[in-house]
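Enquirer: This is my_file-v4.cif, which holds mmCIF, C-alpha atoms:
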data_final
loop_
_atom_site.label_atom_id
_atom_site.label_comp_id
_atom_site.auth_asym_id
_atom_site.auth_seq_id
_atom_site.Cartn_x
_atom_site.Cartn_y
_atom_site.Cartn_z
CA MET A 230 78.19 -120.23 168.22
CA THR A 231 80.82 -117.54 168.74
CA VAL A 232 79.95 -114.07 167.45
CA THR A 233 82.42 -111.19 167.54
CA PHE A 234 81.11 -108.80 164.86
CA SER A 235 77.50 -107.94 164.00
CA ASP A 236 78.45 -107.48 160.33
CA ARG A 237 81.30 -106.41 158.05
CA THR A 238 80.78 -102.74 158.89
CA ALA A 239 81.33 -103.43 162.59
CA ALA A 240 84.33 -105.58 161.73
CA GLY A 241 85.77 -102.70 159.70
CA GLN A 242 85.37 -100.33 162.63
CA ALA A 243 87.21 -102.75 164.91
CA LEU A 244 89.97 -103.22 162.36
CA ALA A 245 90.29 -99.46 161.88
CA ASP A 246 91.06 -99.10 165.59
CA ARG A 247 94.08 -101.35 165.09
CA LEU A 248 95.31 -99.27 162.14
CA LEU A 249 95.01 -95.75 163.53
CA CYS A 250 98.78 -95.29 163.34
CA TYR A 251 98.23 -94.84 159.58
CA ALA A 252 95.51 -92.16 159.92
CA GLY A 253 95.88 -88.91 157.99
CA ARG A 254 99.03 -89.90 156.13
CA GLY A 255 99.27 -88.76 152.54
CA ASP A 256 101.02 -91.91 151.34
CA VAL A 257 98.39 -94.41 152.55
CA VAL A 258 95.96 -96.23 150.24
CA VAL A 259 93.40 -98.77 151.46
CA MET A 260 92.73 -101.63 149.04
CA ALA A 261 89.76 -103.98 149.40
CA LEU A 262 89.49 -107.53 148.14
CA VAL A 263 86.30 -107.68 146.08
CA ARG A 264 83.65 -108.29 147.19
CA GLY A 265 83.57 -109.27 150.86
CA GLY A 266 86.44 -107.02 151.83
CA VAL A 267 84.82 -103.84 150.53
CA PRO A 268 82.43 -103.07 153.46
CA VAL A 269 85.30 -103.72 155.89
CA ALA A 270 87.79 -101.60 153.95
CA ALA A 271 85.30 -98.75 153.50
CA GLU A 272 85.18 -98.30 157.28
CA VAL A 273 88.97 -98.43 157.54
CA ALA A 274 89.43 -95.91 154.72
CA ARG A 275 86.90 -93.57 156.33
CA ALA A 276 88.61 -93.76 159.73
CA LEU A 277 92.09 -93.27 158.29
CA ARG A 278 90.95 -90.55 155.86
CA ALA A 279 92.55 -92.52 153.06
CA PRO A 280 91.49 -93.30 149.48
CA LEU A 281 89.75 -96.61 148.82
CA GLU A 282 90.84 -98.89 145.98
CA LEU A 283 89.87 -102.39 144.82
CA LEU A 284 91.84 -105.60 144.37
CA ILE A 285 89.91 -108.19 142.38
CA VAL A 286 90.65 -111.79 143.31
CA ARG A 287 88.84 -115.08 142.61
CA LYS A 288 89.08 -118.12 144.85
CA LEU A 289 89.66 -121.51 143.27
CA PRO A 290 86.96 -123.66 144.90
CA MET A 291 87.53 -127.26 145.87
CA PRO A 292 85.28 -129.63 143.86
CA GLY A 293 82.34 -130.69 146.03
CA ARG A 294 83.33 -128.23 148.77
CA PRO A 295 83.18 -124.75 147.19
CA GLU A 296 83.57 -123.04 150.55
CA VAL A 297 87.18 -124.34 150.66
CA ALA A 298 89.70 -122.45 148.53
CA LEU A 299 92.43 -124.49 146.86
CA GLY A 300 94.04 -121.20 145.92
CA ALA A 301 93.20 -117.96 144.17
CA ILE A 302 93.91 -115.94 141.05
CA ALA A 303 94.27 -112.19 140.62
CA GLY A 304 94.95 -109.69 137.85
CA GLY A 305 98.21 -109.79 135.96
CA GLY A 306 98.33 -113.59 135.97
CA ALA A 307 99.07 -113.92 139.69
CA MET A 308 98.04 -117.28 141.11
CA TYR A 309 98.48 -118.95 144.47
CA VAL A 310 97.69 -122.66 144.93
CA ASP A 311 98.05 -124.64 148.15
CA PRO A 312 99.74 -127.87 147.01
CA HIS A 313 98.81 -129.70 150.22
CA LEU A 314 95.11 -128.95 149.81
CA VAL A 315 95.22 -129.96 146.14
CA ALA A 316 96.90 -133.25 147.03
CA ASP A 317 94.60 -133.98 149.97
CA ALA A 318 91.52 -133.31 147.84
CA GLY A 319 92.81 -135.53 145.04
CA VAL A 320 92.42 -132.75 142.46
CA THR A 321 94.10 -133.63 139.18
CA PRO A 322 96.05 -131.12 137.08
CA GLU A 323 93.24 -131.25 134.51
CA GLN A 324 90.62 -130.46 137.17
CA LEU A 325 92.69 -127.58 138.50
CA GLU A 326 93.13 -126.19 135.00
CA SER A 327 89.36 -126.32 134.48
CA ILE A 328 88.71 -124.53 137.79
CA VAL A 329 91.23 -121.80 136.92
CA ALA A 330 89.63 -121.31 133.49
CA ALA A 331 86.13 -120.97 134.97
CA GLU A 332 87.20 -118.49 137.65
CA SER A 333 89.23 -116.50 135.11
CA VAL A 334 85.99 -115.72 133.24
CA GLU A 335 84.49 -114.19 136.41
CA LEU A 336 87.73 -112.34 137.14
CA ILE A 337 87.59 -110.73 133.69
CA ARG A 338 83.92 -109.82 134.20
CA ARG A 339 84.63 -108.07 137.46
CA HIS A 340 87.63 -106.22 136.07
CA ALA A 341 85.40 -104.96 133.25
CA MET A 342 82.71 -103.92 135.72
CA TYR A 343 85.04 -101.73 137.77
CA SER A 344 87.57 -100.68 135.12
CA ALA A 345 85.95 -97.28 134.58
CA ARG A 346 86.76 -96.30 138.14
CA PRO A 347 89.81 -94.03 138.49
CA THR A 348 92.69 -95.55 140.42
CA LEU A 349 95.72 -94.32 142.27
CA PRO A 350 99.15 -95.80 141.57
CA ALA A 351 100.48 -97.98 144.38
CA GLU A 352 104.13 -97.28 143.61
CA GLY A 353 105.94 -95.75 146.57
CA ARG A 354 102.85 -95.80 148.79
CA THR A 355 101.89 -97.59 151.97
CA VAL A 356 99.11 -99.96 150.93
CA ILE A 357 96.72 -101.60 153.42
CA VAL A 358 95.08 -104.65 151.83
CA ILE A 359 91.86 -105.74 153.52
CA ASP A 360 89.56 -108.73 153.38
CA ASP A 361 86.67 -109.77 155.65
CA CYS A 362 88.61 -112.79 156.94
CA LEU A 363 91.64 -114.98 156.39
CA VAL A 364 91.13 -118.75 156.21
CA THR A 365 93.63 -120.48 153.92
CA GLY A 366 95.31 -117.21 152.96
CA ALA A 367 94.97 -118.01 149.27
CA SER A 368 93.02 -114.92 148.21
CA MET A 369 95.22 -112.56 150.19
CA CYS A 370 98.44 -114.11 148.88
CA ALA A 371 97.26 -113.88 145.26
CA ALA A 372 96.26 -110.25 145.78
CA LEU A 373 99.57 -109.36 147.40
CA LYS A 374 101.56 -111.03 144.63
CA THR A 375 99.69 -108.84 142.13
CA LEU A 376 100.22 -105.73 144.22
CA ARG A 377 103.96 -106.29 144.62
CA SER A 378 104.45 -105.79 140.89
CA ALA A 379 103.28 -102.18 141.37
CA LYS A 380 106.24 -101.50 143.72
CA PRO A 381 104.53 -100.18 146.88
CA ALA A 382 106.83 -98.96 149.65
CA TRP A 383 105.09 -100.90 152.44
CA VAL A 384 102.31 -103.49 152.40
CA VAL A 385 99.98 -104.26 155.28
CA ALA A 386 97.65 -107.28 155.13
CA ALA A 387 94.73 -106.67 157.49
CA VAL A 388 91.66 -108.73 158.43
CA PRO A 389 89.12 -108.72 161.28
CA VAL A 390 89.44 -112.48 161.93
CA GLY A 391 91.78 -115.29 160.99
CA PRO A 392 93.72 -118.29 162.30
CA ALA A 393 96.38 -118.10 164.97
CA ASP A 394 99.04 -118.78 162.32
CA GLY A 395 97.67 -116.18 159.90
CA GLU A 396 100.90 -114.22 159.77
CA ASP A 397 102.80 -117.39 158.82
CA ARG A 398 100.27 -118.14 156.05
CA ILE A 399 100.86 -114.70 154.54
CA GLY A 400 104.62 -114.97 154.89
CA THR A 401 106.88 -112.40 153.28
CA VAL A 402 104.40 -111.15 150.65
CA ALA A 403 103.31 -108.57 153.26
CA ASP A 404 105.52 -106.37 155.41
CA GLU A 405 103.00 -106.33 158.25
CA PHE A 406 100.01 -108.45 159.27
CA VAL A 407 97.14 -107.11 161.39
CA CYS A 408 94.30 -109.29 162.69
CA VAL A 409 91.75 -108.29 165.34
CA VAL A 410 90.70 -111.79 166.41
CA ASN A 411 92.81 -114.91 165.81
CA PRO A 412 91.43 -117.73 167.97
CA PRO A 413 93.05 -121.17 168.12
CA GLY A 414 91.21 -123.73 166.05
CA PHE A 415 89.73 -121.10 163.73
CA HIS A 416 88.42 -122.49 160.43
CA ASP A 417 85.14 -120.74 159.58
CA ALA A 418 84.64 -116.96 159.56
CA ARG A 419 80.86 -117.35 159.69
CA GLN A 420 81.14 -118.24 163.37
CA TYR A 421 82.44 -114.75 164.10
CA TYR A 422 79.85 -112.69 162.18
CA ALA A 423 76.15 -112.41 163.02
CA ASP A 424 75.62 -111.37 159.38
CA PHE A 425 78.06 -112.82 156.86
CA SER A 426 75.75 -112.79 153.85
CA PRO A 427 77.32 -112.36 150.38
CA VAL A 428 78.14 -108.85 149.21
CA ALA A 429 76.47 -108.00 145.89
CA ASP A 430 78.07 -105.99 143.08
CA ASP A 431 75.45 -103.27 143.62
CA ALA A 432 76.48 -103.00 147.28
CA VAL A 433 80.11 -102.60 146.24
CA ARG A 434 79.21 -99.82 143.82
CA GLU A 435 77.12 -98.07 146.48
CA LEU A 436 79.97 -98.17 148.99
CA LEU A 437 82.41 -96.79 146.44
CA ALA A 438 79.99 -94.00 145.49
CA ARG A 439 79.69 -93.00 149.15
CA HIS A 440 83.44 -92.83 149.65
CA PRO A 441 85.20 -89.48 149.12
CA ASP A 442 87.26 -88.89 145.97
CA GLN A 443 90.44 -90.80 145.30
CA GLN A 444 92.88 -88.09 146.22
CA PRO A 445 94.92 -88.79 149.37
CA PRO A 446 95.06 -86.13 152.09
CA SER A 447 97.61 -83.37 151.71
CA THR A 448 100.92 -83.82 153.49
CA ASP A 449 101.50 -80.05 153.71
#
Let me see the structure of the file written as structure tokens.
Expert:
Amino acid sequence: MTVTFSDRTAAGQALADRLLCYAGRGDVVVMALVRGGVPVAAEVARALRAPLELLIVRKLPMPGRPEVALGAIAGGGAMYVDPHLVADAGVTPEQLESIVAAESVELIRRHAMYSARPTLPAEGRTVIVIDDCLVTGASMCAALKTLRSAKPAWVVAAVPVGPADGEDRIGTVADEFVCVVNPPGFHDARQYYADFSPVADDAVRELLARHPDQQPPSTD
């Protein structure tokens, strides 16, 4: 078994080292994919002295293999579906519609849970979008499609670990792709974390409470 990071906190510290060119800039906002991306993004935001925001995305699990994402949905109606995976898995349009409906309920629940938190507008800012890994790219692509509607000036997709073709999977929905470890043959992030246990909602709230206020550093 290959282990690169002890946990998501360590992964965030390693990712932060690759993003130091954005440290101390008043236009930078770090956005975490909920929930696994939050511990990683919290370390990056701390290192860059940047505000921490959330992007809420739900994977669309493959029937019988929930660890495999057929795609993902995000706020504002954004959806990304991998047609090749859907075809290979033999998922019918009716099955896909049922999966989307079920995950939409959880998406709404999470939006309600975090909606009271103040947010910064993304328009005109440099936004660094972070998850704990990239496998199919579905969650990241759905999140970035949502974010683009807010008109950020520059979008960075950043993960600690992903496949060698991760940048190609993201495509043009990001302006820049940063990945600490991208081994050939990558398919399971759990191989690269000693602790990859699920992140609870309470842990997300605790990390957000620990982070400084939402105001970006002064550019004066």
Enquirer: Could you spell out the hits of the PyMOL selection byres ((chain A and resi 253-270) around 6) on the shown file, as a count of residues only?
Expert: 30
Enquirer: Which residue is closest to Lys380 (chain A)? Choose from A:Val297, A:Val329, A:Ala351, A:Ala245 and count all atoms listed in the file.
Expert: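 Between A:Val297, A:Val329, A:Ala351, A:Ala245, the residue approaching Lys380 (chain A) most closely is A:Ala351.
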Enquirer: Which residues come within 7 Å of region 309-314 of chain A, counting all atoms listed in the file, excluding same-chain residues fewer than 6 positions away, as a PyMOL selection string?
Expert: chain A and resi 299-302+367+370-371
Enquirer: From the list A:Asp424, A:Leu373, A:Asp417, A:His440, which residue is nearest Asp404 (chain A) when using only C-alpha atoms?
Expert: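 Using only C-alpha atoms, Asp404 (chain A) sits closest to A:Leu373.
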Enquirer: I'd like the neighbourhood of Val402 (chain A) as a PyMOL selection string, where a residue qualifies if any of its atoms comes within 12 Å (using all atoms listed in the file), though same-chain residues fewer than 6 positions away should be ignored.
Expert: chain A and resi 309+358+366-367+369-378+381+383-386+396
Enquirer: Taking only C-alpha atoms into account, which of A:Glu335, A:Glu326, A:Asp246, A:Glu435 comes nearest Cys408 (chain A)?
Expert: A:Asp246
Enquirer: From the coordinates I just gave you, please extract region 365-385 of chain A so that only N, CA and C atoms remain, then output it as a tab-separated table (two decimals), in the first residue's frame.
Expert:
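Okay, part-v3.tsv is ready:
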chain	number	residue	atom	x	y	z
A	365	THR	N	-12.52	10.79	-10.93
A	365	THR	CA	-13.14	10.97	-12.25
A	365	THR	C	-13.15	12.43	-12.68
A	366	GLY	N	-13.06	13.34	-11.70
A	366	GLY	CA	-13.16	14.76	-12.00
A	366	GLY	C	-14.58	15.29	-11.98
A	367	ALA	N	-15.54	14.42	-11.71
A	367	ALA	CA	-16.95	14.82	-11.78
A	367	ALA	C	-17.31	15.90	-10.78
A	368	SER	N	-16.93	15.70	-9.51
A	368	SER	CA	-17.28	16.68	-8.48
A	368	SER	C	-16.64	18.03	-8.75
A	369	MET	N	-15.37	17.99	-9.12
A	369	MET	CA	-14.66	19.25	-9.38
A	369	MET	C	-15.27	19.98	-10.57
A	370	CYS	N	-15.60	19.25	-11.64
A	370	CYS	CA	-16.17	19.89	-12.82
A	370	CYS	C	-17.53	20.52	-12.52
A	371	ALA	N	-18.37	19.82	-11.74
A	371	ALA	CA	-19.67	20.37	-11.37
A	371	ALA	C	-19.51	21.63	-10.54
A	372	ALA	N	-18.55	21.59	-9.61
A	372	ALA	CA	-18.30	22.76	-8.76
A	372	ALA	C	-17.81	23.95	-9.59
A	373	LEU	N	-16.90	23.69	-10.51
A	373	LEU	CA	-16.35	24.77	-11.32
A	373	LEU	C	-17.38	25.36	-12.27
A	374	LYS	N	-18.28	24.52	-12.78
A	374	LYS	CA	-19.35	25.04	-13.63
A	374	LYS	C	-20.25	25.99	-12.84
A	375	THR	N	-20.52	25.65	-11.57
A	375	THR	CA	-21.30	26.53	-10.71
A	375	THR	C	-20.56	27.84	-10.46
A	376	LEU	N	-19.29	27.72	-10.15
A	376	LEU	CA	-18.47	28.88	-9.82
A	376	LEU	C	-18.35	29.85	-10.99
A	377	ARG	N	-18.24	29.33	-12.19
A	377	ARG	CA	-18.05	30.19	-13.36
A	377	ARG	C	-19.18	31.21	-13.53
A	378	SER	N	-20.38	30.83	-13.08
A	378	SER	CA	-21.50	31.75	-13.22
A	378	SER	C	-21.33	32.99	-12.34
A	379	ALA	N	-20.43	32.91	-11.35
A	379	ALA	CA	-20.18	34.05	-10.46
A	379	ALA	C	-19.11	34.98	-11.01
A	380	LYS	N	-18.55	34.67	-12.17
A	380	LYS	CA	-17.59	35.53	-12.89
A	380	LYS	C	-16.30	35.81	-12.13
A	381	PRO	N	-15.61	34.78	-11.63
A	381	PRO	CA	-14.29	35.00	-11.04
A	381	PRO	C	-13.29	35.40	-12.11
A	382	ALA	N	-12.22	36.07	-11.70
A	382	ALA	CA	-11.20	36.50	-12.66
A	382	ALA	C	-10.28	35.35	-13.05
A	383	TRP	N	-10.00	34.45	-12.10
A	383	TRP	CA	-9.07	33.34	-12.35
A	383	TRP	C	-9.47	32.18	-11.45
A	384	VAL	N	-9.48	30.98	-11.99
A	384	VAL	CA	-9.90	29.81	-11.23
A	384	VAL	C	-8.80	28.77	-11.22
A	385	VAL	N	-8.43	28.34	-10.02
A	385	VAL	CA	-7.43	27.30	-9.84
A	385	VAL	C	-8.11	26.08	-9.24
